[in-house]
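> The structure file data30.txt (compact mmCIF, N, CA and C atoms) is provided below.
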# COMPACT_ATOMS: atom_id res chain seq x y z
N MET I 1 6.31 85.62 -37.03
CA MET I 1 6.15 85.28 -38.41
C MET I 1 5.32 86.34 -39.09
N ASN I 2 5.83 86.81 -40.18
CA ASN I 2 5.19 87.90 -40.90
C ASN I 2 4.61 87.35 -42.20
N ILE I 3 3.26 87.39 -42.36
CA ILE I 3 2.58 86.85 -43.53
C ILE I 3 1.98 88.01 -44.32
N GLN I 4 2.17 87.98 -45.62
CA GLN I 4 1.60 89.02 -46.46
C GLN I 4 0.22 88.57 -46.92
N LEU I 5 -0.81 89.09 -46.29
CA LEU I 5 -2.17 88.71 -46.60
C LEU I 5 -2.60 89.22 -47.97
N GLN I 6 -2.06 90.37 -48.37
CA GLN I 6 -2.42 90.94 -49.66
C GLN I 6 -2.03 89.99 -50.81
N TYR I 7 -0.92 89.32 -50.69
CA TYR I 7 -0.45 88.39 -51.71
C TYR I 7 -1.46 87.25 -51.91
N PHE I 8 -1.94 86.67 -50.80
CA PHE I 8 -2.89 85.58 -50.87
C PHE I 8 -4.24 86.05 -51.40
N ALA I 9 -4.66 87.22 -51.09
CA ALA I 9 -5.93 87.76 -51.56
C ALA I 9 -5.91 87.95 -53.07
N GLU I 10 -4.81 88.42 -53.61
CA GLU I 10 -4.71 88.62 -55.06
C GLU I 10 -4.72 87.28 -55.80
N CYS I 11 -4.09 86.25 -55.27
CA CYS I 11 -4.07 84.93 -55.89
C CYS I 11 -5.46 84.32 -55.91
N ALA I 12 -6.23 84.51 -54.87
CA ALA I 12 -7.57 83.97 -54.80
C ALA I 12 -8.46 84.61 -55.84
N GLU I 13 -8.31 85.89 -56.06
CA GLU I 13 -9.13 86.57 -57.05
C GLU I 13 -8.82 86.08 -58.45
N GLU I 14 -7.58 85.81 -58.72
CA GLU I 14 -7.18 85.36 -60.04
C GLU I 14 -7.72 83.95 -60.35
N THR I 15 -7.75 83.07 -59.39
CA THR I 15 -8.21 81.70 -59.63
C THR I 15 -9.72 81.62 -59.73
N THR I 16 -10.46 82.52 -59.18
CA THR I 16 -11.91 82.44 -59.23
C THR I 16 -12.48 82.97 -60.53
N GLN I 17 -11.73 83.75 -61.30
CA GLN I 17 -12.25 84.30 -62.54
C GLN I 17 -11.30 84.04 -63.71
N PRO I 18 -11.29 82.81 -64.24
CA PRO I 18 -10.44 82.58 -65.40
C PRO I 18 -11.03 83.28 -66.63
N GLU I 19 -10.16 83.62 -67.55
CA GLU I 19 -10.59 84.38 -68.71
C GLU I 19 -11.34 83.53 -69.72
N ASP I 20 -11.03 82.23 -69.84
CA ASP I 20 -11.63 81.38 -70.87
C ASP I 20 -12.91 80.68 -70.40
N GLU I 21 -13.45 81.05 -69.30
CA GLU I 21 -14.62 80.38 -68.75
C GLU I 21 -15.84 80.62 -69.62
N LYS I 22 -16.53 79.50 -69.98
CA LYS I 22 -17.74 79.61 -70.80
C LYS I 22 -18.94 79.70 -69.88
N THR I 23 -19.79 80.59 -70.20
CA THR I 23 -21.03 80.73 -69.43
C THR I 23 -22.18 80.21 -70.27
N PHE I 24 -23.16 79.64 -69.59
CA PHE I 24 -24.32 79.07 -70.26
C PHE I 24 -25.56 79.88 -69.93
N THR I 25 -26.43 79.94 -70.88
CA THR I 25 -27.74 80.56 -70.61
C THR I 25 -28.60 79.52 -69.92
N GLN I 26 -29.69 79.95 -69.36
CA GLN I 26 -30.59 79.03 -68.67
C GLN I 26 -31.16 78.01 -69.67
N GLU I 27 -31.42 78.44 -70.87
CA GLU I 27 -31.95 77.55 -71.90
C GLU I 27 -30.94 76.46 -72.28
N GLU I 28 -29.68 76.82 -72.43
CA GLU I 28 -28.64 75.85 -72.74
C GLU I 28 -28.45 74.87 -71.59
N LEU I 29 -28.47 75.37 -70.40
CA LEU I 29 -28.33 74.53 -69.21
C LEU I 29 -29.50 73.54 -69.11
N ASN I 30 -30.71 74.03 -69.35
CA ASN I 30 -31.88 73.15 -69.32
C ASN I 30 -31.77 72.05 -70.38
N HIS I 31 -31.27 72.41 -71.56
CA HIS I 31 -31.11 71.43 -72.64
C HIS I 31 -30.07 70.37 -72.26
N ILE I 32 -28.96 70.77 -71.69
CA ILE I 32 -27.91 69.83 -71.28
C ILE I 32 -28.43 68.89 -70.21
N VAL I 33 -29.11 69.44 -69.22
CA VAL I 33 -29.63 68.62 -68.12
C VAL I 33 -30.70 67.66 -68.62
N SER I 34 -31.59 68.13 -69.50
CA SER I 34 -32.65 67.25 -69.99
C SER I 34 -32.08 66.13 -70.86
N LYS I 35 -31.01 66.40 -71.60
CA LYS I 35 -30.37 65.37 -72.41
C LYS I 35 -29.75 64.29 -71.50
N ARG I 36 -29.09 64.72 -70.45
CA ARG I 36 -28.48 63.76 -69.52
C ARG I 36 -29.55 62.94 -68.79
N LEU I 37 -30.63 63.60 -68.40
CA LEU I 37 -31.71 62.88 -67.73
C LEU I 37 -32.36 61.86 -68.65
N ALA I 38 -32.54 62.22 -69.91
CA ALA I 38 -33.13 61.29 -70.88
C ALA I 38 -32.24 60.06 -71.07
N LYS I 39 -30.93 60.28 -71.11
CA LYS I 39 -29.99 59.18 -71.28
C LYS I 39 -30.04 58.24 -70.07
N GLU I 40 -30.08 58.80 -68.88
CA GLU I 40 -30.16 57.99 -67.66
C GLU I 40 -31.49 57.24 -67.59
N LYS I 41 -32.56 57.90 -67.98
CA LYS I 41 -33.88 57.28 -67.96
C LYS I 41 -33.91 56.10 -68.92
N GLN I 42 -33.33 56.26 -70.10
CA GLN I 42 -33.29 55.18 -71.08
C GLN I 42 -32.48 53.99 -70.55
N LYS I 43 -31.37 54.27 -69.89
CA LYS I 43 -30.55 53.21 -69.32
C LYS I 43 -31.32 52.48 -68.22
N ASN I 44 -32.02 53.23 -67.37
CA ASN I 44 -32.80 52.61 -66.29
C ASN I 44 -33.94 51.78 -66.85
N GLU I 45 -34.60 52.26 -67.91
CA GLU I 45 -35.69 51.50 -68.51
C GLU I 45 -35.18 50.19 -69.10
N ALA I 46 -34.01 50.22 -69.69
CA ALA I 46 -33.41 49.00 -70.24
C ALA I 46 -33.10 48.01 -69.11
N ASP I 47 -32.58 48.50 -68.00
CA ASP I 47 -32.30 47.63 -66.85
C ASP I 47 -33.59 47.03 -66.29
N ILE I 48 -34.62 47.84 -66.21
CA ILE I 48 -35.90 47.37 -65.69
C ILE I 48 -36.48 46.31 -66.61
N ALA I 49 -36.42 46.53 -67.91
CA ALA I 49 -36.95 45.55 -68.87
C ALA I 49 -36.19 44.23 -68.76
N LYS I 50 -34.88 44.31 -68.60
CA LYS I 50 -34.06 43.10 -68.47
C LYS I 50 -34.43 42.33 -67.20
N ARG I 51 -34.58 43.04 -66.10
CA ARG I 51 -34.96 42.39 -64.84
C ARG I 51 -36.35 41.79 -64.92
N GLU I 52 -37.26 42.49 -65.56
CA GLU I 52 -38.62 41.99 -65.71
C GLU I 52 -38.63 40.70 -66.54
N ALA I 53 -37.84 40.66 -67.60
CA ALA I 53 -37.75 39.46 -68.43
C ALA I 53 -37.19 38.29 -67.62
N GLU I 54 -36.18 38.54 -66.80
CA GLU I 54 -35.61 37.49 -65.96
C GLU I 54 -36.63 36.98 -64.94
N LEU I 55 -37.40 37.90 -64.34
CA LEU I 55 -38.42 37.49 -63.38
C LEU I 55 -39.51 36.67 -64.05
N ASN I 56 -39.93 37.07 -65.24
CA ASN I 56 -40.95 36.32 -65.96
C ASN I 56 -40.46 34.92 -66.30
N LYS I 57 -39.19 34.80 -66.67
CA LYS I 57 -38.61 33.50 -66.99
C LYS I 57 -38.60 32.61 -65.75
N ARG I 58 -38.19 33.17 -64.62
CA ARG I 58 -38.16 32.39 -63.37
C ARG I 58 -39.56 31.96 -62.96
N GLU I 59 -40.52 32.87 -63.09
CA GLU I 59 -41.89 32.55 -62.74
C GLU I 59 -42.43 31.42 -63.62
N PHE I 60 -42.14 31.50 -64.92
CA PHE I 60 -42.59 30.44 -65.83
C PHE I 60 -41.94 29.11 -65.47
N GLN I 61 -40.67 29.11 -65.12
CA GLN I 61 -40.00 27.86 -64.76
C GLN I 61 -40.62 27.25 -63.50
N LEU I 62 -40.99 28.10 -62.54
CA LEU I 62 -41.64 27.58 -61.33
C LEU I 62 -43.00 26.98 -61.67
N GLN I 63 -43.76 27.67 -62.51
CA GLN I 63 -45.07 27.15 -62.91
C GLN I 63 -44.92 25.84 -63.68
N ALA I 64 -43.91 25.78 -64.54
CA ALA I 64 -43.67 24.58 -65.32
C ALA I 64 -43.28 23.40 -64.42
N LYS I 65 -42.45 23.65 -63.42
CA LYS I 65 -42.08 22.58 -62.49
C LYS I 65 -43.29 22.08 -61.72
N GLU I 66 -44.17 23.00 -61.33
CA GLU I 66 -45.40 22.59 -60.64
C GLU I 66 -46.28 21.75 -61.56
N LEU I 67 -46.35 22.12 -62.82
CA LEU I 67 -47.14 21.38 -63.79
C LEU I 67 -46.56 19.98 -64.02
N LEU I 68 -45.25 19.88 -64.09
CA LEU I 68 -44.62 18.57 -64.23
C LEU I 68 -44.88 17.70 -63.01
N LYS I 69 -44.77 18.29 -61.83
CA LYS I 69 -45.01 17.56 -60.59
C LYS I 69 -46.46 17.09 -60.53
N LYS I 70 -47.38 17.94 -61.00
CA LYS I 70 -48.80 17.61 -61.01
C LYS I 70 -49.07 16.41 -61.92
N ASN I 71 -48.28 16.26 -62.97
CA ASN I 71 -48.43 15.15 -63.90
C ASN I 71 -47.52 13.97 -63.55
N ASP I 72 -46.99 13.96 -62.35
CA ASP I 72 -46.11 12.89 -61.86
C ASP I 72 -44.89 12.70 -62.76
N LEU I 73 -44.32 13.81 -63.22
CA LEU I 73 -43.12 13.78 -64.04
C LEU I 73 -42.00 14.51 -63.30
N PRO I 74 -40.76 14.08 -63.47
CA PRO I 74 -39.65 14.76 -62.78
C PRO I 74 -39.43 16.16 -63.36
N ASP I 75 -39.05 17.09 -62.51
CA ASP I 75 -38.84 18.46 -62.96
C ASP I 75 -37.58 18.61 -63.81
N THR I 76 -36.77 17.56 -63.87
CA THR I 76 -35.59 17.62 -64.74
C THR I 76 -35.98 17.59 -66.22
N LEU I 77 -37.20 17.19 -66.51
CA LEU I 77 -37.68 17.19 -67.89
C LEU I 77 -37.90 18.60 -68.43
N LEU I 78 -37.88 19.57 -67.57
CA LEU I 78 -38.10 20.95 -67.99
C LEU I 78 -37.07 21.38 -69.03
N ASP I 79 -35.85 20.91 -68.90
CA ASP I 79 -34.81 21.27 -69.86
C ASP I 79 -35.04 20.61 -71.22
N VAL I 80 -35.73 19.48 -71.22
CA VAL I 80 -35.94 18.73 -72.45
C VAL I 80 -37.19 19.21 -73.19
N LEU I 81 -38.23 19.51 -72.44
CA LEU I 81 -39.50 19.91 -73.05
C LEU I 81 -39.39 21.30 -73.65
N LYS I 82 -40.06 21.46 -74.78
CA LYS I 82 -40.02 22.78 -75.41
C LYS I 82 -41.24 23.57 -74.99
N GLY I 83 -41.11 24.85 -75.05
CA GLY I 83 -42.24 25.70 -74.73
C GLY I 83 -41.82 26.88 -73.89
N ASN I 84 -42.16 28.05 -74.38
CA ASN I 84 -41.88 29.27 -73.64
C ASN I 84 -43.16 29.88 -73.08
N ASP I 85 -44.27 29.19 -73.31
CA ASP I 85 -45.52 29.63 -72.72
C ASP I 85 -46.25 28.40 -72.17
N LYS I 86 -47.25 28.66 -71.38
CA LYS I 86 -47.92 27.58 -70.67
C LYS I 86 -48.65 26.63 -71.63
N GLU I 87 -49.24 27.17 -72.67
CA GLU I 87 -49.99 26.34 -73.61
C GLU I 87 -49.08 25.35 -74.34
N THR I 88 -47.96 25.82 -74.83
CA THR I 88 -47.01 24.95 -75.53
C THR I 88 -46.45 23.90 -74.59
N LEU I 89 -46.16 24.29 -73.37
CA LEU I 89 -45.64 23.34 -72.39
C LEU I 89 -46.69 22.28 -72.06
N ASN I 90 -47.95 22.69 -71.93
CA ASN I 90 -49.03 21.72 -71.69
C ASN I 90 -49.12 20.70 -72.82
N LYS I 91 -49.01 21.16 -74.07
CA LYS I 91 -49.06 20.25 -75.21
C LYS I 91 -47.89 19.27 -75.15
N SER I 92 -46.70 19.76 -74.81
CA SER I 92 -45.53 18.89 -74.71
C SER I 92 -45.71 17.85 -73.62
N ILE I 93 -46.23 18.25 -72.50
CA ILE I 93 -46.46 17.32 -71.39
C ILE I 93 -47.50 16.28 -71.76
N ASN I 94 -48.56 16.72 -72.41
CA ASN I 94 -49.60 15.77 -72.83
C ASN I 94 -49.05 14.76 -73.83
N LEU I 95 -48.24 15.21 -74.78
CA LEU I 95 -47.63 14.28 -75.74
C LEU I 95 -46.72 13.28 -75.02
N LEU I 96 -45.98 13.77 -74.06
CA LEU I 96 -45.09 12.89 -73.29
C LEU I 96 -45.90 11.87 -72.50
N ASN I 97 -46.99 12.30 -71.89
CA ASN I 97 -47.84 11.38 -71.14
C ASN I 97 -48.45 10.32 -72.05
N VAL I 98 -48.88 10.72 -73.25
CA VAL I 98 -49.43 9.75 -74.20
C VAL I 98 -48.37 8.73 -74.56
N TYR I 99 -47.16 9.18 -74.83
CA TYR I 99 -46.07 8.27 -75.17
C TYR I 99 -45.77 7.32 -74.01
N ILE I 100 -45.69 7.85 -72.82
CA ILE I 100 -45.38 7.02 -71.64
C ILE I 100 -46.47 5.98 -71.43
N ASN I 101 -47.72 6.41 -71.52
CA ASN I 101 -48.82 5.47 -71.32
C ASN I 101 -48.84 4.40 -72.40
N LYS I 102 -48.50 4.77 -73.63
CA LYS I 102 -48.48 3.80 -74.73
C LYS I 102 -47.30 2.84 -74.57
N LYS I 103 -46.16 3.35 -74.22
CA LYS I 103 -44.94 2.55 -74.12
C LYS I 103 -44.98 1.59 -72.93
N PHE I 104 -45.45 2.08 -71.80
CA PHE I 104 -45.46 1.29 -70.58
C PHE I 104 -46.88 0.97 -70.15
N LYS I 105 -47.70 0.62 -71.12
CA LYS I 105 -49.11 0.36 -70.86
C LYS I 105 -49.24 -0.85 -69.94
N ILE I 106 -49.96 -0.66 -68.86
CA ILE I 106 -50.18 -1.75 -67.90
C ILE I 106 -51.61 -2.22 -68.10
N THR I 107 -51.74 -3.39 -68.64
CA THR I 107 -53.07 -3.93 -68.86
C THR I 107 -53.38 -4.91 -67.74
N THR I 108 -54.60 -4.90 -67.32
CA THR I 108 -55.01 -5.83 -66.27
C THR I 108 -56.11 -6.72 -66.80
N HIS I 109 -56.07 -7.93 -66.38
CA HIS I 109 -57.09 -8.90 -66.75
C HIS I 109 -57.63 -9.47 -65.44
N ILE I 110 -58.91 -9.33 -65.21
CA ILE I 110 -59.49 -9.77 -63.95
C ILE I 110 -60.28 -11.05 -64.21
N GLU I 111 -59.93 -12.06 -63.46
CA GLU I 111 -60.67 -13.31 -63.51
C GLU I 111 -61.32 -13.52 -62.17
N GLY I 112 -62.62 -13.56 -62.16
CA GLY I 112 -63.34 -13.85 -60.93
C GLY I 112 -63.37 -12.66 -60.00
N ALA I 113 -63.01 -12.89 -58.74
CA ALA I 113 -63.13 -11.89 -57.69
C ALA I 113 -62.08 -10.80 -57.85
N ASP I 114 -62.29 -9.74 -57.12
CA ASP I 114 -61.39 -8.58 -57.17
C ASP I 114 -60.33 -8.67 -56.08
N SER I 115 -59.88 -9.87 -55.79
CA SER I 115 -58.90 -10.05 -54.73
C SER I 115 -57.48 -9.76 -55.21
N GLY I 116 -57.31 -9.69 -56.50
CA GLY I 116 -55.98 -9.43 -57.02
C GLY I 116 -55.27 -10.70 -57.41
N ALA I 117 -55.83 -11.85 -57.05
CA ALA I 117 -55.17 -13.11 -57.35
C ALA I 117 -55.21 -13.41 -58.84
N GLY I 118 -56.25 -12.99 -59.52
CA GLY I 118 -56.39 -13.31 -60.93
C GLY I 118 -55.84 -12.25 -61.85
N ARG I 119 -55.26 -11.19 -61.33
CA ARG I 119 -54.76 -10.10 -62.16
C ARG I 119 -53.38 -10.43 -62.72
N THR I 120 -53.21 -10.11 -63.95
CA THR I 120 -51.89 -10.26 -64.54
C THR I 120 -51.57 -8.99 -65.30
N THR I 121 -50.35 -8.64 -65.30
CA THR I 121 -49.89 -7.48 -66.06
C THR I 121 -48.70 -7.90 -66.89
N ILE I 122 -48.30 -7.05 -67.79
CA ILE I 122 -47.13 -7.42 -68.59
C ILE I 122 -45.89 -7.49 -67.71
N PHE I 123 -45.89 -6.67 -66.65
CA PHE I 123 -44.76 -6.74 -65.73
C PHE I 123 -44.90 -7.96 -64.81
N GLY I 124 -46.14 -8.24 -64.40
CA GLY I 124 -46.39 -9.37 -63.52
C GLY I 124 -46.02 -10.67 -64.17
N ASP I 125 -46.32 -10.83 -65.47
CA ASP I 125 -45.98 -12.05 -66.18
C ASP I 125 -44.48 -12.26 -66.22
N LYS I 126 -43.74 -11.22 -66.41
CA LYS I 126 -42.28 -11.35 -66.44
C LYS I 126 -41.73 -11.72 -65.07
N ILE I 127 -42.34 -11.17 -64.04
CA ILE I 127 -41.89 -11.51 -62.67
C ILE I 127 -42.23 -12.94 -62.36
N ARG I 128 -43.45 -13.37 -62.73
CA ARG I 128 -43.86 -14.74 -62.46
C ARG I 128 -42.93 -15.72 -63.19
N SER I 129 -42.64 -15.42 -64.44
CA SER I 129 -41.80 -16.36 -65.19
C SER I 129 -40.37 -16.38 -64.64
N ALA I 130 -39.90 -15.25 -64.14
CA ALA I 130 -38.54 -15.19 -63.58
C ALA I 130 -38.47 -15.99 -62.28
N MET I 131 -39.58 -16.04 -61.54
CA MET I 131 -39.59 -16.76 -60.27
C MET I 131 -40.02 -18.22 -60.45
N GLY I 132 -40.37 -18.55 -61.67
CA GLY I 132 -40.76 -19.93 -61.94
C GLY I 132 -42.17 -20.24 -61.48
N LEU I 133 -43.02 -19.27 -61.43
CA LEU I 133 -44.40 -19.51 -61.00
C LEU I 133 -45.35 -19.73 -62.15
Go ahead and render the structure in this file as structure tokens.

Amino acid sequence: MNIQLQYFAECAEETTQPEDEKTFTQEELNHIVSKRLAKEKQKNEADIAKREAELNKREFQLQAKELLKKNDLPDTLLDVLKGNDKETLNKSINLLNVYINKKFKITTHIEGADSGAGRTTIFGDKIRSAMGL
């Protein structure tokens, strides 16, 4: 097999040096690279800010659930209560506790000894009357 090496060498030279090729100065290249880096940095900062906001939201929800549990309230109330900060949530929980205590107020009346025999409550009276006591 007879291969003409000169033919391949001339083709390689032609493809490596096109006539319309634009050359850049070091200053132009630095400007292009710095512009691209700035764009990527801005995109990364936006992603970081978004992730940080999501983490802060999750952390607040966990703290809020702990606060509800501490006040003997179900954590499902978190969706109902308003507040994006701890202070506002505390106010909402306190208002809810005041309402619950007012609505379902359990009053006790003690007659004589502390054995529990003389105690009556609004719930106890209803139970006693239902049982015919």
> Between atom N of Leu55 (chain I) and CA of Asn94 (chain I), measure the distance and give it in Å to one decimal.
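Interatomic distance, atom N of Leu55 (chain I) to CA of Asn94 (chain I): 26.7 Å.
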> By how many Å are CA of Ile93 (chain I) and CA of Leu68 (chain I) apart?
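Computed distance, CA of Ile93 (chain I) to CA of Leu68 (chain I), equals 7.5 Å.
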> Using all atoms of region 70-78 of chain I that appear in the file, construct an axis-aligned enclosing box with 3 Å of padding on every side and provide its centre coordinates and edge lengths in Å, rounded to one decimal, as AutoDock Vina command-line options.

--center_x -42.3 --center_y 17.0 --center_z -65.0 --size_x 19.5 --size_y 14.7 --size_z 14.0
> Tell me, in Å to one decimal, how far CA of Lys35 (chain I) is from atom N of Glu54 (chain I).
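These atoms are spaced 28.0 Å apart.
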> Write out as a list in words each polymer residue whose atoms come within 10 Å of Asp75 (chain I), counting only C-alpha atoms; drop sequence neighbours fewer than 2 positions from it.
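Selected residues are Gln61, Leu62, Ala64, Lys65, Glu66, Leu67, Leu68, Lys69, Asp72, Leu73, Leu77, Leu78, Asp79 and Val80 of chain I.
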> Find the residues of region 57-90 of chain I that sit at most 8 Å from region 48-53 of chain I; for each, write down the nearest two atoms and how far apart they are in Å, to one decimal. Count only N, CA and C atoms. Sort by chain, then by number going up, and give it as a tab-separated table.

residue	atom	partner	partner_atom	distance
I:Lys57	N	I:Ala53	C	4.1
I:Arg58	N	I:Ala53	C	6.0
I:Glu59	N	I:Ala53	C	7.8
> When DSSP is applied to the backbone of this structure, which of region 49-117 of chain I are assigned helix (DSSP H, G or I)? Write them out as a ChimeraX atom specification.
/I:49-70,75-79,86-103
